[in-house]
>>> print(open('work30.txt').read())   # compact mmCIF, C-alpha atoms
# COMPACT_ATOMS: atom_id res chain seq x y z
CA MET A 22 8.29 -4.65 17.66
CA PRO A 23 5.85 -6.66 19.82
CA GLY A 24 6.88 -9.92 21.43
CA THR A 25 6.33 -13.11 19.46
CA LEU A 26 3.13 -15.02 20.22
CA ALA A 27 3.35 -17.66 17.47
CA GLU A 28 5.95 -18.71 14.93
CA PHE A 29 5.96 -21.08 11.96
CA LYS A 30 9.39 -22.57 11.34
CA ASP A 31 10.03 -24.32 8.01
CA LEU A 32 6.59 -25.96 8.03
CA HIS A 33 5.93 -28.74 5.49
CA THR A 34 2.41 -30.18 5.14
CA TYR A 35 1.88 -32.76 2.39
CA PHE A 36 -1.08 -34.77 1.10
CA TYR A 37 -0.43 -38.24 -0.27
CA THR A 38 -2.73 -39.02 -3.21
CA GLU A 39 -2.90 -41.56 -6.02
CA GLN A 40 -1.64 -38.89 -8.42
CA GLY A 41 1.38 -38.09 -6.26
CA ILE A 42 2.50 -36.01 -3.28
CA VAL A 43 0.71 -32.66 -2.98
CA LYS A 44 3.12 -30.24 -1.30
CA SER A 45 0.48 -27.78 -0.09
CA VAL A 46 2.79 -26.10 2.43
CA ASN A 47 6.45 -26.35 1.55
CA GLY A 48 8.83 -24.61 3.94
CA VAL A 49 6.68 -21.81 5.37
CA SER A 50 8.25 -19.57 8.03
CA PHE A 51 6.84 -16.41 9.64
CA ARG A 52 5.95 -14.97 13.05
CA ILE A 53 2.86 -13.42 14.64
CA GLY A 54 3.49 -10.73 17.23
CA GLU A 55 1.41 -10.15 20.35
CA GLY A 56 -1.58 -7.97 19.49
CA GLU A 57 -0.69 -7.99 15.77
CA THR A 58 -2.87 -8.69 12.76
CA VAL A 59 -0.92 -10.71 10.19
CA ALA A 60 -2.51 -11.20 6.77
CA LEU A 61 -1.83 -14.28 4.65
CA VAL A 62 -2.56 -13.43 1.01
CA GLY A 63 -2.35 -15.21 -2.32
CA GLU A 64 -4.46 -16.97 -4.94
CA SER A 65 -6.62 -19.97 -4.14
CA GLY A 66 -4.51 -23.10 -3.74
CA CYS A 67 -1.36 -21.34 -2.53
CA GLY A 68 -1.46 -22.98 0.93
CA LYS A 69 -3.00 -20.29 3.13
CA SER A 70 -5.77 -22.38 4.70
CA VAL A 71 -3.61 -25.50 5.01
CA THR A 72 -1.08 -23.44 6.97
CA ALA A 73 -3.82 -22.44 9.42
CA LEU A 74 -5.30 -25.93 9.63
CA SER A 75 -1.82 -27.28 10.40
CA MET A 76 -1.69 -24.99 13.42
CA MET A 77 -5.15 -26.08 14.54
CA GLY A 78 -4.30 -29.78 14.23
CA LEU A 79 -7.08 -30.25 11.67
CA ILE A 80 -5.15 -31.79 8.77
CA GLU A 81 -7.18 -34.78 7.63
CA GLN A 82 -5.27 -38.01 8.10
CA PRO A 83 -3.97 -40.37 6.84
CA ALA A 84 -3.79 -38.58 3.48
CA GLY A 85 -2.60 -35.33 5.04
CA ARG A 86 0.54 -35.18 7.13
CA ILE A 87 2.84 -32.56 8.65
CA VAL A 88 6.19 -33.92 7.58
CA GLY A 89 8.55 -31.26 8.92
CA GLY A 90 9.01 -28.01 10.77
CA GLU A 91 7.71 -26.51 13.99
CA ILE A 92 4.76 -24.38 15.06
CA ILE A 93 5.62 -22.52 18.25
CA PHE A 94 2.77 -20.94 20.23
CA ASP A 95 3.46 -19.03 23.43
CA GLY A 96 6.81 -20.85 23.74
CA GLU A 97 5.39 -24.36 23.17
CA ASN A 98 5.85 -26.55 20.09
CA LEU A 99 2.33 -27.53 19.01
CA LEU A 100 3.65 -30.46 16.93
CA ARG A 101 5.33 -32.13 19.90
CA ASP A 102 4.07 -35.59 20.94
CA GLY A 103 2.04 -36.03 17.79
CA GLY A 104 0.29 -32.69 18.15
CA LYS A 105 -1.12 -33.29 21.65
CA PRO A 106 -0.57 -29.69 22.90
CA VAL A 107 -2.93 -28.22 20.30
CA HIS A 108 -5.85 -30.33 21.52
CA ARG A 109 -5.60 -28.60 24.88
CA LEU A 110 -5.36 -25.10 23.35
CA ARG A 111 -7.79 -25.37 20.41
CA GLY A 112 -10.98 -23.44 21.00
CA HIS A 113 -9.53 -21.80 24.10
CA GLU A 114 -6.22 -20.01 23.47
CA ILE A 115 -6.30 -20.55 19.69
CA ALA A 116 -9.63 -20.16 17.89
CA MET A 117 -10.63 -20.18 14.23
CA ILE A 118 -13.39 -18.67 12.12
CA PHE A 119 -13.92 -20.97 9.14
CA GLN A 120 -14.73 -19.88 5.59
CA GLU A 121 -18.33 -21.04 5.35
CA PRO A 122 -20.56 -20.26 8.35
CA MET A 123 -23.49 -22.03 6.70
CA SER A 124 -21.65 -25.35 6.79
CA SER A 125 -19.52 -24.79 9.91
CA LEU A 126 -22.38 -24.82 12.40
CA ASN A 127 -24.24 -28.00 13.40
CA PRO A 128 -27.74 -27.75 11.86
CA VAL A 129 -29.40 -29.88 14.58
CA LEU A 130 -28.09 -27.87 17.55
CA THR A 131 -29.32 -24.45 18.59
CA ILE A 132 -27.09 -21.38 18.45
CA GLY A 133 -27.03 -21.35 22.25
CA GLU A 134 -25.95 -24.98 22.55
CA GLN A 135 -23.04 -24.39 20.18
CA LEU A 136 -21.96 -21.25 22.04
CA MET A 137 -22.31 -22.86 25.45
CA GLU A 138 -20.17 -25.90 24.60
CA PRO A 139 -16.74 -24.15 24.61
CA LEU A 140 -17.73 -22.09 27.65
CA MET A 141 -18.56 -25.23 29.64
CA GLU A 142 -15.62 -27.23 28.25
CA HIS A 143 -12.83 -24.67 28.62
CA LEU A 144 -14.05 -22.17 31.22
CA HIS A 145 -15.93 -24.81 33.26
CA LEU A 146 -19.08 -22.71 33.53
CA ARG A 147 -22.31 -24.28 34.70
CA LYS A 148 -25.12 -24.58 32.17
CA LYS A 149 -27.05 -21.57 33.48
CA GLU A 150 -23.90 -19.41 33.59
CA ALA A 151 -22.88 -20.55 30.11
CA ARG A 152 -26.30 -19.65 28.69
CA ALA A 153 -26.15 -16.15 30.18
CA GLU A 154 -22.61 -15.70 28.78
CA ALA A 155 -23.78 -16.98 25.37
CA VAL A 156 -26.57 -14.39 25.27
CA GLU A 157 -24.07 -11.68 26.18
CA TRP A 158 -21.70 -12.72 23.37
CA ILE A 159 -24.55 -12.70 20.85
CA ARG A 160 -25.17 -9.10 21.89
CA LYS A 161 -21.45 -8.25 21.69
CA VAL A 162 -21.22 -9.31 18.06
CA GLY A 163 -24.18 -7.11 17.15
CA VAL A 164 -26.90 -9.71 16.55
CA PRO A 165 -30.32 -8.36 17.66
CA ARG A 166 -32.85 -10.21 19.85
CA ALA A 167 -30.12 -12.22 21.57
CA GLU A 168 -32.50 -13.75 24.14
CA GLN A 169 -34.66 -15.23 21.36
CA LEU A 170 -31.87 -16.18 18.93
CA VAL A 171 -30.01 -18.20 21.55
CA ASP A 172 -32.70 -20.87 21.01
CA ALA A 173 -32.77 -20.53 17.21
CA TYR A 174 -31.26 -23.02 14.74
CA PRO A 175 -28.67 -22.03 12.12
CA HIS A 176 -31.11 -22.23 9.19
CA GLU A 177 -33.18 -19.46 10.80
CA LEU A 178 -30.36 -16.91 10.53
CA SER A 179 -28.92 -15.02 7.56
CA GLY A 180 -25.34 -15.48 6.33
CA GLY A 181 -24.16 -12.27 7.99
CA MET A 182 -25.75 -13.24 11.31
CA LEU A 183 -24.21 -16.72 11.13
CA GLN A 184 -20.79 -15.21 10.51
CA ARG A 185 -21.23 -13.10 13.65
CA ILE A 186 -22.26 -16.19 15.61
CA MET A 187 -19.09 -17.94 14.36
CA ILE A 188 -17.06 -14.97 15.62
CA ALA A 189 -18.84 -15.18 18.99
CA ILE A 190 -18.04 -18.91 19.28
CA ALA A 191 -14.41 -18.26 18.39
CA LEU A 192 -14.01 -15.36 20.84
CA CYS A 193 -16.13 -16.43 23.81
CA CYS A 194 -13.15 -18.03 25.58
CA ARG A 195 -11.03 -14.95 24.86
CA PRO A 196 -8.27 -16.61 22.82
CA LYS A 197 -4.79 -15.18 22.49
CA LEU A 198 -4.85 -15.91 18.74
CA LEU A 199 -7.80 -15.76 16.35
CA ILE A 200 -7.43 -17.35 12.91
CA ALA A 201 -9.93 -15.76 10.52
CA ASP A 202 -10.13 -17.70 7.25
CA GLU A 203 -11.86 -15.50 4.66
CA PRO A 204 -14.22 -14.09 7.32
CA THR A 205 -16.08 -11.87 4.83
CA THR A 206 -16.42 -14.30 1.91
CA ALA A 207 -19.87 -14.23 0.23
CA LEU A 208 -21.06 -11.30 2.39
CA ASP A 209 -22.32 -8.06 0.90
CA VAL A 210 -20.18 -4.94 1.25
CA THR A 211 -22.16 -3.47 4.15
CA ILE A 212 -22.00 -6.64 6.24
CA GLN A 213 -18.32 -7.06 5.33
CA ALA A 214 -17.54 -3.61 6.73
CA GLN A 215 -19.46 -4.41 9.92
CA ILE A 216 -17.59 -7.71 10.40
CA LEU A 217 -14.20 -6.01 9.94
CA ASP A 218 -15.14 -3.23 12.36
CA LEU A 219 -16.20 -5.88 14.87
CA LEU A 220 -12.90 -7.76 14.58
CA ARG A 221 -10.94 -4.51 14.99
CA THR A 222 -12.93 -3.51 18.06
CA LEU A 223 -12.62 -6.91 19.71
CA ARG A 224 -8.88 -7.00 19.02
CA VAL A 225 -8.46 -3.69 20.84
CA GLU A 226 -10.67 -4.81 23.73
CA THR A 227 -9.08 -8.23 24.24
CA GLY A 228 -5.49 -7.66 23.03
CA MET A 229 -5.60 -10.80 20.91
CA SER A 230 -3.56 -11.43 17.76
CA ILE A 231 -5.23 -12.20 14.43
CA LEU A 232 -4.04 -14.37 11.55
CA LEU A 233 -6.21 -13.09 8.70
CA ILE A 234 -6.42 -15.29 5.60
CA THR A 235 -7.74 -13.47 2.54
CA HIS A 236 -7.24 -12.69 -1.12
CA ASP A 237 -8.91 -9.28 -0.78
CA LEU A 238 -6.18 -6.66 -0.80
CA GLY A 239 -8.65 -3.99 0.34
CA VAL A 240 -9.25 -5.97 3.54
CA VAL A 241 -5.48 -6.36 3.96
CA ALA A 242 -4.88 -2.62 3.66
CA GLU A 243 -7.61 -1.92 6.22
CA MET A 244 -6.81 -4.59 8.80
CA ALA A 245 -3.23 -5.86 8.68
CA ASP A 246 -0.03 -4.83 10.43
CA GLN A 247 2.13 -7.41 8.62
CA VAL A 248 1.55 -9.11 5.25
CA ILE A 249 2.73 -12.56 4.20
CA VAL A 250 2.43 -13.26 0.45
CA MET A 251 2.24 -16.97 -0.43
CA TYR A 252 2.59 -18.70 -3.78
CA GLY A 253 2.93 -22.41 -4.56
CA GLY A 254 2.98 -23.39 -0.88
CA GLN A 255 5.80 -20.97 -0.01
CA VAL A 256 6.27 -17.50 1.43
CA ILE A 257 7.62 -15.31 -1.36
CA GLU A 258 7.40 -11.88 0.27
CA GLN A 259 6.71 -10.47 3.72
CA ALA A 260 6.69 -6.92 5.03
CA PRO A 261 4.71 -4.42 7.12
CA VAL A 262 1.53 -3.43 5.29
CA LEU A 263 2.48 0.11 4.23
CA PRO A 264 5.96 -0.76 2.84
CA LEU A 265 4.45 -3.71 0.95
CA PHE A 266 1.79 -1.56 -0.74
CA ARG A 267 4.21 1.30 -1.42
CA ASN A 268 7.09 -0.86 -2.64
CA PRO A 269 6.00 -4.37 -3.72
CA GLN A 270 9.16 -6.25 -4.63
CA HIS A 271 8.24 -9.72 -5.89
CA PRO A 272 6.80 -9.75 -9.44
CA TYR A 273 3.83 -11.77 -8.14
CA THR A 274 3.02 -9.19 -5.45
CA GLN A 275 3.34 -6.45 -8.04
CA GLY A 276 0.91 -8.34 -10.26
CA LEU A 277 -1.61 -8.70 -7.42
CA LEU A 278 -1.50 -4.98 -6.69
CA LYS A 279 -1.64 -4.08 -10.38
CA SER A 280 -4.81 -6.14 -10.80
CA ARG A 281 -6.78 -4.03 -8.30
CA PRO A 282 -9.41 -1.67 -9.68
CA ARG A 283 -8.50 1.93 -8.84
CA LEU A 284 -10.98 4.57 -7.78
CA GLY A 285 -11.41 7.19 -10.51
CA GLN A 286 -9.44 5.20 -13.10
CA ARG A 287 -11.32 3.94 -16.16
CA VAL A 288 -9.83 1.04 -18.11
CA ASP A 289 -11.26 -1.24 -20.79
CA ARG A 290 -9.97 -4.36 -19.08
CA LEU A 291 -8.49 -5.01 -15.63
CA TYR A 292 -4.97 -6.42 -15.51
CA ALA A 293 -4.69 -10.17 -14.85
CA ILE A 294 -1.54 -12.14 -14.11
CA PRO A 295 -1.03 -14.43 -17.11
CA GLY A 296 -1.07 -18.22 -16.75
CA GLN A 297 -2.27 -20.46 -13.94
CA VAL A 298 -1.12 -21.42 -10.46
CA PRO A 299 1.13 -24.50 -10.86
CA SER A 300 -0.10 -27.90 -9.73
CA PRO A 301 1.20 -28.67 -6.24
CA ILE A 302 1.91 -32.27 -7.31
CA GLY A 303 5.57 -33.00 -7.97
CA LEU A 304 6.80 -29.42 -7.78
CA ALA A 305 10.47 -29.08 -8.68
CA SER A 306 12.94 -27.00 -6.64
CA ILE A 307 12.68 -23.92 -8.88
CA CYS A 308 10.96 -20.55 -8.66
CA ARG A 309 7.26 -21.48 -8.60
CA PHE A 310 6.33 -18.25 -10.39
CA SER A 311 8.88 -18.52 -13.23
CA ASP A 312 6.37 -19.72 -15.87
CA ARG A 313 4.19 -16.65 -15.29
CA CYS A 314 6.90 -14.06 -14.70
CA GLU A 315 7.89 -11.66 -17.49
CA TYR A 316 11.28 -11.12 -15.82
CA ALA A 317 12.20 -14.82 -15.48
CA MET A 318 15.84 -15.73 -16.08
CA GLU A 319 17.45 -19.10 -16.69
CA ILE A 320 18.40 -19.48 -13.03
CA CYS A 321 14.70 -19.07 -12.08
CA ARG A 322 13.90 -22.31 -13.94
CA THR A 323 16.76 -24.29 -12.46
CA ARG A 324 17.15 -23.19 -8.82
CA GLU A 325 14.85 -22.15 -6.00
CA PRO A 326 15.44 -18.63 -4.58
CA GLU A 327 15.73 -18.12 -0.84
CA ASN A 328 14.09 -15.36 1.16
CA ARG A 329 16.49 -12.49 1.73
CA ASN A 330 16.06 -9.09 3.39
CA THR A 331 16.01 -6.23 0.92
CA GLU A 332 14.94 -3.56 3.42
CA LYS A 333 14.28 -3.44 7.15
CA ASP A 334 11.57 -6.02 7.99
CA HIS A 335 11.03 -6.62 4.25
CA SER A 336 12.08 -9.93 2.65
CA VAL A 337 11.54 -11.42 -0.79
CA ALA A 338 12.35 -14.72 -2.51
CA CYS A 339 13.37 -13.67 -6.02
CA TRP A 340 16.52 -14.21 -8.11
CA LEU A 341 16.28 -10.69 -9.55
CA TYR A 342 17.33 -9.31 -6.20
CA GLU A 343 19.98 -11.97 -5.73
CA GLU A 344 21.47 -10.89 -9.04
CA GLY A 345 21.33 -7.23 -8.07
CA SER A 346 18.95 -6.32 -10.87
CA ASP A 347 17.01 -3.04 -10.71
CA ILE A 348 14.27 -4.15 -13.12
CA VAL A 349 11.73 -5.15 -10.48
CA ARG A 350 12.39 -2.03 -8.44
CA SER A 351 11.73 0.13 -11.48
CA VAL A 352 8.46 -1.68 -12.24
CA GLY A 353 7.34 -1.27 -8.62
CA ALA A 354 8.11 2.45 -8.80
CA SER A 355 6.07 2.83 -12.01
CA GLN A 356 3.06 1.12 -10.39
CA ARG A 357 3.13 3.54 -7.46
CA ALA A 358 3.27 6.58 -9.75
>>> encode(input="work30.txt", output="structure tokens")
Amino acid sequence: MPGTLAEFKDLHTYFYTEQGIVKSVNGVSFRIGEGETVALVGESGCGKSVTALSMMGLIEQPAGRIVGGEIIFDGENLLRDGGKPVHRLRGHEIAMIFQEPMSSLNPVLTIGEQLMEPLMEHLHLRKKEARAEAVEWIRKVGVPRAEQLVDAYPHELSGGMLQRIMIAIALCCRPKLLIADEPTTALDVTIQAQILDLLRTLRVETGMSILLITHDLGVVAEMADQVIVMYGGQVIEQAPVLPLFRNPQHPYTQGLLKSRPRLGQRVDRLYAIPGQVPSPIGLASICRFSDRCEYAMEICRTREPENRNTEKDHSVACWLYEEGSDIVRSVGASQRA
């Protein structure tokens, strides 16, 4: 097992609204190893992006607040002294690719200016050196005519090209950790494959770790070493990628995998997990998935399960395993057949 680069310890990030307290991240704990790709998966609203933004120190205040826990990066608590350490590391040792490249780049600055800024700020390059490095990074991410595009504005580039520019900005200072938040959203299949190949290649070349946020299980299978499944602001299952796909243990994870279309299999209607994700406002200390789970027991609606190891490096938060039931195991086995 690789050494630990980053670790989330019982992280709680809340938003205080007129309707009540939104517990977007509620006790999240997991680690990211050196050189590993860790995938955060789950439906929209489960807390994936807020977990990443908490690490980057980008939770909007005063409504948003990290109310508990620790985020350790390279041995340093990023939440110490009001989050001051992350300001020094952000954009340099920790970088992030945001969901929407169209809205993440400044429309009134050229591509070159936006690439040169972190190079001059963090690596202390002179303007001429930074421009040459910016052109080189545009080439590295596979965008043609780098010498001309360095002076172009964002509206002159396609969505796929902008996503590559975002990757170049994130990687130009050679971070130890790259957070990729839905890096292939809204891209066609061909461009998506190119972006994933690029991230894989750059990970090998630089040795960086990746925190990949996605709801696309195909991307997870292709890219991830470890998988963290989130639901209702909590981690409900975590395991290496192959054991998770071969033996999903939480009913929610099983539902996600069951809902995938399968090559060569014709069905009238794809499976969908019944019900809706619960509102994060005023969540009780119960199993968040109990209202949608066909195996729910009385204890699921009265007490919150804790994560427990069921196999080596495989943990799940589910009362069925606490009670020693074989029902979920049998369902998982039938899905793999």
>>> closest_residue(input="work30.txt", among="A:Gly41, A:Ile53, A:Tyr35, A:Lys105", to="Ile80 in chain A", atoms="all atoms listed in the file")
A:Tyr35
>>> closest_residue(input="work30.txt", among="A:Leu233, A:Val59, A:Met318, A:Cys339", to="Asp246 in chain A", atoms="only C-alpha atoms")
A:Val59
>>> closest_residue(input="work30.txt", among="A:Arg101, A:Ile294, A:Ile216, A:Leu170", to="Ala155 in chain A", atoms="all atoms listed in the file")
A:Leu170
>>> closest_residue(input="work30.txt", among="A:Leu140, A:Glu226, A:Gly180, A:Lys197", to="Asp209 in chain A", atoms="all atoms listed in the file")
A:Gly180
>>> residues_around(input="work30.txt", residues="Leu220 in chain A", least_positions_apart="4", cutoff="9 Å", atoms="only C-alpha atoms", output="compact mmCIF listing (two decimals) with C-alpha atoms, in the coordinates of the input")
# COMPACT_ATOMS: atom_id res chain seq x y z
CA ILE A 188 -17.06 -14.97 15.62
CA GLN A 215 -19.46 -4.41 9.92
CA ILE A 216 -17.59 -7.71 10.40
CA ARG A 224 -8.88 -7.00 19.02
CA VAL A 225 -8.46 -3.69 20.84
CA ILE A 231 -5.23 -12.20 14.43
CA MET A 244 -6.81 -4.59 8.80
>>> atom_distance(input="work30.txt", atom1="CA of Glu28 in chain A", atom2="CA of Gly78 in chain A")
15.1 Å
>>> atom_distance(input="work30.txt", atom1="CA of Thr235 in chain A", atom2="CA of Ser311 in chain A")
23.5 Å
